[in-house]
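Asker: What follows is the file work11.txt, containing compact mmCIF, C-alpha atoms and all ligand atoms:
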# COMPACT_ATOMS: atom_id res chain seq x y z
CA MET A 1 130.59 76.12 159.52
CA PRO A 2 128.93 75.67 162.93
CA LEU A 3 129.90 72.70 165.04
CA ALA A 4 128.04 69.45 164.30
CA PRO A 5 125.59 68.90 167.16
CA LEU A 6 126.07 66.29 169.86
CA TYR A 7 124.41 63.02 168.83
CA GLY A 8 123.17 60.41 171.31
CA HIS A 9 124.09 60.33 175.00
CA GLU A 10 120.49 61.14 175.99
CA GLU A 11 120.83 59.68 179.46
CA LEU A 12 124.11 61.47 180.23
CA ARG A 13 122.75 64.71 178.81
CA LYS A 14 119.86 64.51 181.21
CA ARG A 15 122.03 63.64 184.20
CA LEU A 16 124.92 66.05 183.59
CA GLY A 17 122.74 68.74 182.02
CA ASP A 18 120.44 68.84 185.06
CA ARG A 19 123.42 69.21 187.36
CA ALA A 20 124.96 71.92 185.20
CA ARG A 21 121.66 73.84 185.21
CA ALA A 22 121.31 73.42 188.98
CA GLY A 23 124.88 74.59 189.53
CA THR A 24 125.88 71.28 191.16
CA LEU A 25 128.21 69.96 188.49
CA PRO A 26 131.55 68.92 190.04
CA ALA A 27 134.30 71.46 189.32
CA SER A 28 136.71 68.87 187.89
CA ILE A 29 135.22 66.14 185.74
CA LEU A 30 136.81 63.33 183.76
CA LEU A 31 134.73 62.07 180.83
CA HIS A 32 136.14 58.68 179.85
CA GLY A 33 135.01 56.05 177.39
CA PRO A 34 135.88 54.53 174.02
CA ARG A 35 137.69 56.70 171.48
CA GLY A 36 135.35 58.59 169.18
CA VAL A 37 132.11 58.41 171.19
CA GLY A 38 131.98 62.21 171.43
CA LYS A 39 133.50 62.99 174.81
CA GLN A 40 134.99 66.33 173.77
CA ARG A 41 131.76 67.26 171.99
CA LEU A 42 129.85 66.38 175.16
CA GLY A 43 132.31 68.54 177.11
CA LEU A 44 131.67 71.46 174.76
CA TRP A 45 127.92 70.93 175.09
CA LEU A 46 128.20 71.08 178.88
CA ALA A 47 130.33 74.20 178.56
CA GLN A 48 127.61 75.76 176.41
CA ILE A 49 125.04 75.06 179.15
CA LEU A 50 127.31 76.63 181.75
CA GLN A 51 127.68 79.75 179.60
CA CYS A 52 124.09 80.06 178.31
CA THR A 53 122.23 83.07 179.73
CA SER A 54 118.66 81.95 178.97
CA ASP A 55 116.22 80.26 181.38
CA SER A 56 116.47 76.93 179.58
CA PRO A 57 120.09 76.25 178.71
CA PRO A 58 121.39 75.42 176.19
CA CYS A 59 118.96 77.61 174.25
CA GLY A 60 121.18 77.85 171.18
CA GLU A 61 119.88 81.38 170.60
CA CYS A 62 121.49 83.69 173.13
CA GLN A 63 124.77 85.43 172.44
CA ALA A 64 126.66 83.11 174.80
CA CYS A 65 125.29 80.05 172.98
CA ARG A 66 126.15 81.47 169.58
CA TYR A 67 129.68 82.23 170.73
CA SER A 68 130.02 78.79 172.29
CA LEU A 69 128.79 77.04 169.13
CA SER A 70 131.27 78.93 166.99
CA LEU A 71 134.03 78.25 169.57
CA ALA A 72 134.48 81.98 169.96
CA HIS A 73 133.34 82.35 173.58
CA PRO A 74 136.23 83.95 175.48
CA ASP A 75 135.43 81.94 178.62
CA LEU A 76 135.27 78.59 176.86
CA ARG A 77 138.80 77.25 176.40
CA TRP A 78 139.40 74.05 174.43
CA TYR A 79 142.75 72.30 174.67
CA PHE A 80 143.88 69.01 173.15
CA PRO A 81 147.11 67.35 171.97
CA ARG A 82 149.15 69.38 169.50
CA PRO A 83 152.54 68.92 167.85
CA ARG A 84 155.34 70.28 170.00
CA LEU A 85 156.16 73.87 168.97
CA LYS A 86 159.57 74.39 167.36
CA ASP A 87 160.63 76.82 170.04
CA ALA A 88 161.51 74.72 173.12
CA ASP A 89 160.19 77.42 175.45
CA PRO A 90 157.48 79.21 173.45
CA ALA A 91 155.80 82.40 174.59
CA LEU A 92 152.23 81.98 175.82
CA GLU A 93 151.08 84.09 172.88
CA ASP A 94 152.52 81.52 170.48
CA VAL A 95 150.72 78.72 172.30
CA ARG A 96 147.43 80.63 172.08
CA ASP A 97 147.93 81.37 168.39
CA ASP A 98 148.65 77.70 167.75
CA TYR A 99 145.40 76.63 169.46
CA MET A 100 143.39 79.36 167.79
CA GLU A 101 144.52 78.00 164.45
CA ALA A 102 143.88 74.39 165.42
CA ILE A 103 140.39 75.23 166.67
CA GLN A 104 139.58 77.12 163.45
CA GLU A 105 140.62 74.00 161.55
CA ARG A 106 138.34 71.79 163.62
CA LEU A 107 135.53 74.29 163.20
CA ALA A 108 136.00 74.49 159.43
CA ALA A 109 135.38 70.73 159.33
CA GLY A 110 132.20 71.03 161.43
CA GLY A 111 134.00 69.74 164.52
CA LEU A 112 134.79 66.39 162.87
CA TYR A 113 138.46 65.60 163.36
CA GLU A 114 140.96 62.76 163.47
CA PRO A 115 142.43 61.47 166.72
CA PRO A 116 145.82 62.94 167.61
CA SER A 117 148.90 61.31 166.09
CA GLY A 118 151.47 59.66 168.34
CA SER A 119 153.74 62.71 168.56
CA GLU A 120 151.02 65.17 169.55
CA GLY A 121 150.77 65.98 173.21
CA ILE A 122 149.67 68.50 175.79
CA TYR A 123 153.10 69.94 176.48
CA VAL A 124 154.25 72.10 179.33
CA ALA A 125 153.76 75.39 177.44
CA THR A 126 150.07 74.48 177.10
CA VAL A 127 149.77 73.60 180.78
CA ARG A 128 151.29 76.99 181.59
CA ALA A 129 148.73 78.71 179.36
CA ILE A 130 145.89 76.86 181.11
CA VAL A 131 147.19 77.80 184.55
CA GLN A 132 147.53 81.43 183.52
CA GLU A 133 144.08 81.65 181.96
CA ALA A 134 142.49 79.99 184.98
CA ALA A 135 143.86 82.78 187.15
CA MET A 136 142.07 85.46 185.10
CA SER A 137 138.49 86.62 185.67
CA PRO A 138 135.85 85.53 183.15
CA ALA A 139 135.72 87.97 180.26
CA MET A 140 132.08 87.70 179.24
CA GLY A 141 130.13 85.28 181.42
CA SER A 142 130.37 84.43 185.07
CA ARG A 143 132.47 81.29 184.68
CA LYS A 144 135.44 79.90 182.76
CA VAL A 145 135.14 76.40 181.36
CA PHE A 146 138.17 74.42 180.22
CA VAL A 147 137.63 71.39 178.01
CA ILE A 148 140.86 69.37 177.87
CA GLY A 149 140.70 66.51 175.38
CA ASP A 150 142.87 63.37 175.48
CA ALA A 151 144.15 64.41 178.88
CA GLU A 152 146.35 61.30 179.14
CA ARG A 153 148.62 63.07 176.65
CA MET A 154 149.47 65.54 179.38
CA VAL A 155 152.91 64.20 180.12
CA PRO A 156 155.23 65.08 182.97
CA GLN A 157 158.35 66.82 181.66
CA GLU A 158 161.60 67.56 183.33
CA GLY A 159 161.79 71.18 184.47
CA ALA A 160 158.00 71.49 184.23
CA GLU A 161 157.15 70.42 187.75
CA GLN A 162 156.02 73.88 188.73
CA ALA A 163 153.42 74.16 185.96
CA ALA A 164 152.26 70.58 186.54
CA ASN A 165 151.84 71.18 190.26
CA ALA A 166 149.98 74.43 189.67
CA PHE A 167 147.59 72.58 187.34
CA LEU A 168 147.03 69.77 189.85
CA LYS A 169 146.29 72.33 192.53
CA LEU A 170 143.65 73.88 190.25
CA LEU A 171 141.98 70.49 189.86
CA GLU A 172 142.10 69.81 193.56
CA GLU A 173 141.05 73.19 194.88
CA PRO A 174 139.09 74.63 191.98
CA LEU A 175 138.40 78.32 191.82
CA ALA A 176 134.72 79.11 192.37
CA ASP A 177 134.34 80.44 188.82
CA THR A 178 136.13 77.65 186.94
CA THR A 179 135.09 74.24 185.62
CA PHE A 180 137.51 71.68 184.21
CA ILE A 181 136.18 68.99 181.88
CA LEU A 182 138.89 66.48 180.99
CA THR A 183 138.37 63.63 178.53
CA SER A 184 140.28 60.42 177.95
CA SER A 185 139.85 57.19 176.01
CA GLU A 186 142.86 55.70 177.82
CA PRO A 187 142.09 56.59 181.44
CA GLY A 188 144.58 53.92 182.60
CA GLN A 189 147.33 56.05 181.06
CA LEU A 190 146.33 59.19 182.95
CA LEU A 191 148.61 60.50 185.65
CA PRO A 192 147.18 59.04 188.89
CA THR A 193 147.38 62.52 190.38
CA ILE A 194 144.93 63.73 187.73
CA ARG A 195 142.60 60.75 188.07
CA SER A 196 142.32 61.11 191.82
CA ARG A 197 141.44 64.80 191.55
CA THR A 198 138.56 64.46 189.08
CA VAL A 199 135.07 62.98 189.25
CA SER A 200 134.91 60.17 186.67
CA VAL A 201 131.95 59.90 184.33
CA ARG A 202 131.80 57.02 181.87
CA VAL A 203 130.64 57.97 178.37
CA PRO A 204 129.16 54.95 176.51
CA ARG A 205 128.83 54.24 172.80
CA ILE A 206 125.82 55.82 171.11
CA SER A 207 122.79 53.90 169.82
CA ASP A 208 122.31 52.83 166.20
CA ASP A 209 119.51 55.42 165.90
CA ALA A 210 121.84 58.18 167.04
CA MET A 211 124.50 56.87 164.63
CA GLN A 212 121.99 57.02 161.74
CA ALA A 213 121.16 60.60 162.67
CA PHE A 214 124.87 61.43 162.80
CA LEU A 215 125.45 59.90 159.35
CA ALA A 216 122.60 62.00 157.96
CA ASP A 217 124.12 65.25 159.28
CA PRO A 218 124.99 67.54 156.35
CA ARG A 219 128.53 68.08 157.70
CA VAL A 220 129.09 64.35 157.87
CA ARG A 221 127.70 63.83 154.36
CA GLU A 222 130.05 66.55 153.17
CA ALA A 223 133.03 64.91 154.86
CA PHE A 224 132.31 61.58 153.13
CA LYS A 225 131.19 62.84 149.75
CA ALA A 226 134.25 61.37 148.00
CA SER A 227 134.16 58.06 149.86
CA GLU A 228 132.65 54.85 148.49
CA GLU A 229 132.07 53.28 151.88
CA SER A 230 128.35 52.59 152.44
CA ASP A 231 126.45 53.81 155.48
CA ALA A 232 126.04 50.17 156.53
CA ASP A 233 129.84 49.76 156.54
CA ARG A 234 130.19 53.00 158.46
CA LEU A 235 127.79 51.73 161.10
CA THR A 236 129.97 48.62 161.52
CA VAL A 237 133.24 50.52 161.67
CA ALA A 238 131.92 53.18 164.04
CA ALA A 239 130.26 50.67 166.36
CA GLY A 240 128.58 53.49 168.25
CA ALA A 241 131.66 55.75 168.22
CA PRO A 242 131.14 58.21 165.34
CA GLY A 243 134.61 59.69 165.77
CA ARG A 244 136.11 56.37 164.71
CA LEU A 245 135.07 57.20 161.16
CA PHE A 246 137.63 60.00 161.18
CA GLY A 247 140.55 57.83 162.18
CA GLY A 248 142.23 58.35 158.81
CA GLU A 249 145.41 56.40 158.34
CA ALA A 250 145.56 55.20 161.91
CA ARG A 251 142.17 53.55 161.53
CA SER A 252 143.04 51.72 158.31
CA ALA A 253 146.46 50.68 159.71
CA ALA A 254 144.78 49.21 162.78
CA MET A 255 142.21 47.42 160.62
CA MET A 256 144.95 45.98 158.41
CA ALA A 257 146.92 44.78 161.44
CA ALA A 258 143.75 43.22 162.86
CA ARG A 259 143.00 41.43 159.58
CA LYS A 260 146.55 40.02 159.62
CA LEU A 261 146.05 38.73 163.14
CA MET A 262 142.70 37.24 162.17
CA ASP A 263 144.21 35.51 159.14
CA ALA A 264 147.01 34.14 161.29
CA ALA A 265 144.57 32.89 163.92
CA THR A 266 142.44 31.08 161.36
CA SER A 267 145.25 29.68 159.19
CA GLY A 268 145.86 26.76 161.54
CA ALA A 269 149.66 26.91 161.09
CA PRO A 270 152.04 27.85 163.94
CA ALA A 271 154.53 29.84 161.83
CA PRO A 272 152.19 32.70 160.82
CA LEU A 273 151.08 32.94 164.44
CA HIS A 274 154.60 33.79 165.44
CA ALA A 275 155.20 36.21 162.58
CA ALA A 276 151.98 38.11 163.21
CA ALA A 277 152.80 38.48 166.91
CA LEU A 278 156.17 39.95 165.97
CA GLY A 279 154.48 42.37 163.59
CA VAL A 280 152.54 43.84 166.49
CA GLY A 281 155.73 44.52 168.45
CA ILE A 282 157.03 46.77 165.71
CA THR A 283 154.04 49.11 165.77
CA GLY A 284 155.24 50.05 169.25
CA ALA A 285 152.80 52.60 170.60
CA ARG A 286 150.36 51.25 173.11
CA GLY A 287 147.53 53.35 171.69
CA ALA A 288 148.03 51.75 168.26
CA PHE A 289 147.95 48.31 169.86
CA THR A 290 144.65 48.96 171.64
CA GLU A 291 143.30 50.29 168.36
CA THR A 292 144.31 47.02 166.65
CA LEU A 293 142.54 44.99 169.33
CA ASP A 294 139.43 47.16 168.88
CA SER A 295 139.50 46.44 165.15
CA LEU A 296 139.90 42.74 165.90
CA LEU A 297 136.75 42.94 168.02
CA LEU A 298 134.91 44.46 165.07
CA LEU A 299 136.05 41.61 162.81
CA LEU A 300 134.95 39.02 165.36
CA GLY A 301 131.61 40.80 165.64
CA GLU A 302 131.20 40.51 161.87
CA ARG A 303 132.15 36.84 162.03
CA MET A 304 129.57 36.27 164.73
CA ARG A 305 126.82 37.99 162.74
CA ALA A 306 127.78 36.05 159.59
CA SER A 307 127.64 32.76 161.53
CA LEU A 308 124.23 33.60 162.96
CA HIS A 309 123.02 34.50 159.48
CA ASP A 310 124.17 31.05 158.27
CA ARG A 311 122.47 29.46 161.29
CA ASN A 312 125.87 28.27 162.48
CA ALA A 313 125.37 28.45 166.25
CA HIS A 314 128.68 26.75 166.93
CA GLY A 315 130.59 29.31 164.84
CA ALA A 316 128.78 32.21 166.50
CA ALA A 317 129.57 30.89 169.98
CA ALA A 318 133.25 30.44 169.02
CA ALA A 319 133.49 34.02 167.70
CA SER A 320 131.86 35.29 170.87
CA ARG A 321 134.33 33.34 173.06
CA ALA A 322 137.23 34.68 171.00
CA ALA A 323 135.87 38.21 171.43
CA SER A 324 135.88 37.87 175.21
CA LEU A 325 139.55 36.82 175.03
CA VAL A 326 140.30 39.94 172.99
CA GLU A 327 138.46 42.03 175.60
CA ARG A 328 140.69 40.49 178.25
CA ALA A 329 143.82 41.20 176.20
CA ARG A 330 142.62 44.79 175.88
CA GLU A 331 142.47 45.05 179.66
CA GLN A 332 145.99 43.61 179.93
CA ALA A 333 147.22 46.10 177.33
CA ARG A 334 146.27 48.93 179.68
CA GLY A 335 148.80 47.60 182.17
CA ASN A 336 152.46 47.04 181.62
CA VAL A 337 152.29 43.72 179.79
CA ASN A 338 154.30 43.61 176.58
CA PRO A 339 152.02 43.81 173.48
CA GLN A 340 153.96 41.01 171.74
CA LEU A 341 153.47 38.69 174.67
CA ILE A 342 149.77 39.53 174.85
CA THR A 343 149.40 38.97 171.11
CA SER A 344 151.16 35.63 170.93
CA ARG A 345 149.06 34.26 173.79
CA LEU A 346 145.90 35.73 172.34
CA LEU A 347 146.56 34.31 168.88
CA ARG A 348 147.29 30.85 170.27
CA ASP A 349 144.09 30.91 172.30
CA ILE A 350 141.76 32.25 169.61
CA ALA A 351 143.34 29.94 167.00
CA GLY A 352 142.38 27.05 169.30
CA ILE A 353 138.78 28.31 169.36
CA LEU A 354 138.29 29.36 165.74
CA THR A 355 140.02 26.48 163.89
ZN ZN A 401 121.78 80.15 175.35
Would you give me this structure, written as structure tokens?

Answerer:
Amino acid sequence: MPLAPLYGHEELRKRLGDRARAGTLPASILLHGPRGVGKQRLGLWLAQILQCTSDSPPCGECQACRYSLSLAHPDLRWYFPRPRLKDADPALEDVRDDYMEAIQERLAAGGLYEPPSGSEGIYVATVRAIVQEAAMSPAMGSRKVFVIGDAERMVPQEGAEQAANAFLKLLEEPLADTTFILTSSEPGQLLPTIRSRTVSVRVPRISDDAMQAFLADPRVREAFKASEESDADRLTVAAGAPGRLFGGEARSAAMMAARKLMDAATSGAPAPLHAAALGVGITGARGAFTETLDSLLLLLGERMRASLHDRNAHGAAAASRAASLVERAREQARGNVNPQLITSRLLRDIAGILT
């Protein structure tokens, strides 16, 4: 199955596409923005432009385009978090085989995939493979393009300093024939040495029109054929980030945690407030916590729309104020503040507003 096309991002496509066509795209780019808005797909689209051999890239017709769209172009390398290989020091061949398999899986699903689980990462063996491939000449085109998704999962490891430094050097002093496109939905978690060596581009949520077009895509229809969720519900859940629809268990866990917090905040009793805040501490991972806050924002958005529908201006204003507190907590969660502490304060404050 070919990759589902890139939906939305018209303005960015114009801006970045023009630069790619003119040959003035920065050599090391960081695409950052909410999870699921299509940053890796945008990266692959840019890579396709850089590889296309026609006069109006991406033509979608030339051999380079066809190879890019089927993720078979030898000079288009896509890396993203993977489970750690059993062998502690795997051969580069094993790393390549692992990615080839993972990419075939993503391709088989039309390029629609779930976010990485907590234990998946971009481990040192992968960084070594990237460094080695970057040193080789392009095999088919005139340029190698690396798309590295969820780059904040590139973690420093003991004994891996050499590979990490070699990668940083590549970002800083890029080879003339190499482009690096990194993506991250948690740019605050990126190694500062990576952030400072890349040109940041913010990728926004896509419009409702683009979301509707995405939902009508045959690959998307196929992916949801067994689901009872309506397109209207999907629009709410996605909130302009189509990839959120493929969150699987993580998405429903975050939504359940958010509903618990919401119930606690609107119950008016202090005891549940405390219990719910403790519940957040157990989930541990910072990514899961941010995901919960995002789901809470969706619930508050629903509450706001419901209030407006009932002509309850006071209720709508309260939900909107609560949402801005959640936004603030989300900012704090990027730093080093303890999620439990953030949650107990947040719950106390939004309970004061909503009850
Ligand atoms: Zn082409």

Asker: Go through the chains and note each residue within 9 Å of ligand ZN 401 (chain A), using all atoms listed in the file, then give the set as a count of residues only.

Answerer: 19

Asker: Show which residues sit within 10 Å of Leu50 of chain A, as a list in words. Count all atoms listed in the file, and ignore same-chain residues fewer than 2 positions away.

Answerer: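 Listed by chain and then number, they are Gly17, Ala20, Arg21, Ala22, Gly23, Leu25, Leu44, Trp45, Leu46, Ala47, Gln48, Cys52, Thr53, Pro57, Pro58, Ala64, Cys65, Leu76, Gly141, Ser142, Arg143, Lys144, Val145 and Thr179 of chain A.
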
Asker: I need the residue nearest Ala239 of chain A from this list: A:Leu42, A:Leu261, A:Ile122, A:Ile206. Use all atoms listed in the file for the distance.

Answerer: A:Ile206

Asker: If you measure from atom CA of Asp94 of chain A to atom CA of Met136 of chain A, what distance in Å do you get, rounded to one decimal?

Answerer: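 Between atom CA of Asp94 of chain A and atom CA of Met136 of chain A the gap is 18.4 Å.
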
Asker: Can you pull out the residues contacting Arg334 of chain A? Cut-off 9 Å, using all atoms listed in the file, and skip same-chain residues under 3 positions away; I want them as a list in words.

Answerer: Glu186, Pro187, Gly188, Gln189, Arg286, Thr290, Ala329, Arg330, Glu331 and Val337 of chain A

Asker: Using all atoms listed in the file, which of the listed residues (A:Pro204, A:Ala125, A:Tyr7, A:Ala223) sits closest to Ala88 of chain A?

Answerer: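 Distance minimum relative to Ala88 of chain A lands on A:Ala125.
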
Asker: Counting all atoms listed in the file, which of A:Ala265, A:Leu92, A:Leu3, A:Leu190 gets nearest to Val220 of chain A?

Answerer: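 Of the candidates, the smallest distance to Val220 of chain A is held by A:Leu3.
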
Asker: Could you state the separation of atom CA of Phe167 of chain A and atom CA of Ser28 of chain A in Å, given to one decimal place?

Answerer: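 Taking atom CA of Phe167 of chain A and atom CA of Ser28 of chain A, their separation equals 11.5 Å.
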
Asker: Quote the spacing between atom CA of Leu325 of chain A and atom CA of Arg153 of chain A in Å to one decimal place.

Answerer: 27.8 Å

Asker: With distances taken over all atoms listed in the file, which of A:Leu31, A:Leu347, A:Ala151, A:Ala134 is nearest to Tyr79 of chain A?

Answerer: A:Ala151

Asker: Residues at most 12 Å from Ala232 of chain A, counting only C-alpha atoms, excluding those fewer than 3 positions away in the same chain, as a ChimeraX atom specification?

Answerer: /A:208,211-212,215,228-229,235-239

Asker: Which residue is closest to Leu191 of chain A? Choose from A:Ala213, A:Pro156, A:Arg219, A:Asp97 and count only C-alpha atoms.

Answerer: A:Pro156

Asker: If you count only C-alpha atoms, which residues fall within 7 Å of segment 316-323 of chain A, apart from same-chain ones fewer than 5 positions away, as a list in words?

Answerer: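 Near segment 316-323 of chain A, the qualifying residues are Leu297, Leu300, Arg303, Met304, Ser307, Leu308, Ile350, Ile353 and Leu354 of chain A.
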
Asker: Build an axis-aligned box that encloses every atom of segment 151-168 of chain A listed in the file, pad it by 3 Å on each side, and report its centre and edge lengths in Å to one decimal, as JSON.

Answerer:
{"center_x": 153.0, "center_y": 67.9, "center_z": 183.5, "size_x": 23.6, "size_y": 19.1, "size_z": 19.6}

Asker: Measuring atom to atom with all atoms listed in the file, identify which of A:Arg82, A:Arg305, A:Arg205, A:Arg259 is nearest to Gly121 of chain A.

Answerer: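 Comparing A:Arg82, A:Arg305, A:Arg205, A:Arg259 against Gly121 of chain A, the winner is A:Arg82.
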
Asker: Kindly provide, as a list in words, the polymer residues lying within 7 Å of (136.9, 86.5, 178.2), counting only C-alpha atoms and using the coordinates exactly as they appear in the file.

Answerer: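 Taken together, the residues in range are Pro74, Asp75, Pro138, Ala139 and Met140 of chain A.
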
Asker: What's the 7 Å shell around Arg197 of chain A, counting all atoms listed in the file, without same-chain residues fewer than 4 positions away, as a ChimeraX atom specification?

Answerer: /A:171-172,193

Asker: Please output segment 171-182 of chain A, rebuilt to include N, CA and C atoms, as a JSON list (two decimals), keeping the file's coordinate frame.

Answerer:
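What landed in rebuild.json:
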[["chain", "number", "residue", "atom", "x", "y", "z"],
["A", 171, "LEU", "N", 142.96, 71.58, 189.89],
["A", 171, "LEU", "CA", 141.98, 70.49, 189.86],
["A", 171, "LEU", "C", 141.49, 70.16, 191.26],
["A", 172, "GLU", "N", 142.42, 70.22, 192.20],
["A", 172, "GLU", "CA", 142.10, 69.81, 193.56],
["A", 172, "GLU", "C", 141.30, 70.86, 194.30],
["A", 173, "GLU", "N", 141.75, 72.11, 194.17],
["A", 173, "GLU", "CA", 141.05, 73.19, 194.88],
["A", 173, "GLU", "C", 140.57, 74.18, 193.83],
["A", 174, "PRO", "N", 139.51, 73.81, 193.11],
["A", 174, "PRO", "CA", 139.09, 74.63, 191.98],
["A", 174, "PRO", "C", 138.63, 76.01, 192.43],
["A", 175, "LEU", "N", 138.89, 76.98, 191.57],
["A", 175, "LEU", "CA", 138.40, 78.32, 191.82],
["A", 175, "LEU", "C", 136.88, 78.27, 191.66],
["A", 176, "ALA", "N", 136.19, 79.15, 192.37],
["A", 176, "ALA", "CA", 134.72, 79.11, 192.37],
["A", 176, "ALA", "C", 134.14, 79.36, 190.98],
["A", 177, "ASP", "N", 134.90, 80.07, 190.13],
["A", 177, "ASP", "CA", 134.34, 80.44, 188.82],
["A", 177, "ASP", "C", 134.93, 79.61, 187.68],
["A", 178, "THR", "N", 135.46, 78.42, 187.97],
["A", 178, "THR", "CA", 136.13, 77.65, 186.94],
["A", 178, "THR", "C", 135.68, 76.19, 186.94],
["A", 179, "THR", "N", 135.42, 75.66, 185.75],
["A", 179, "THR", "CA", 135.09, 74.24, 185.62],
["A", 179, "THR", "C", 136.08, 73.60, 184.67],
["A", 180, "PHE", "N", 136.61, 72.44, 185.07],
["A", 180, "PHE", "CA", 137.51, 71.68, 184.21],
["A", 180, "PHE", "C", 136.80, 70.41, 183.74],
["A", 181, "ILE", "N", 136.75, 70.22, 182.42],
["A", 181, "ILE", "CA", 136.18, 68.99, 181.88],
["A", 181, "ILE", "C", 137.29, 68.29, 181.09],
["A", 182, "LEU", "N", 137.83, 67.22, 181.65],
["A", 182, "LEU", "CA", 138.89, 66.48, 180.99],
["A", 182, "LEU", "C", 138.27, 65.28, 180.29]]
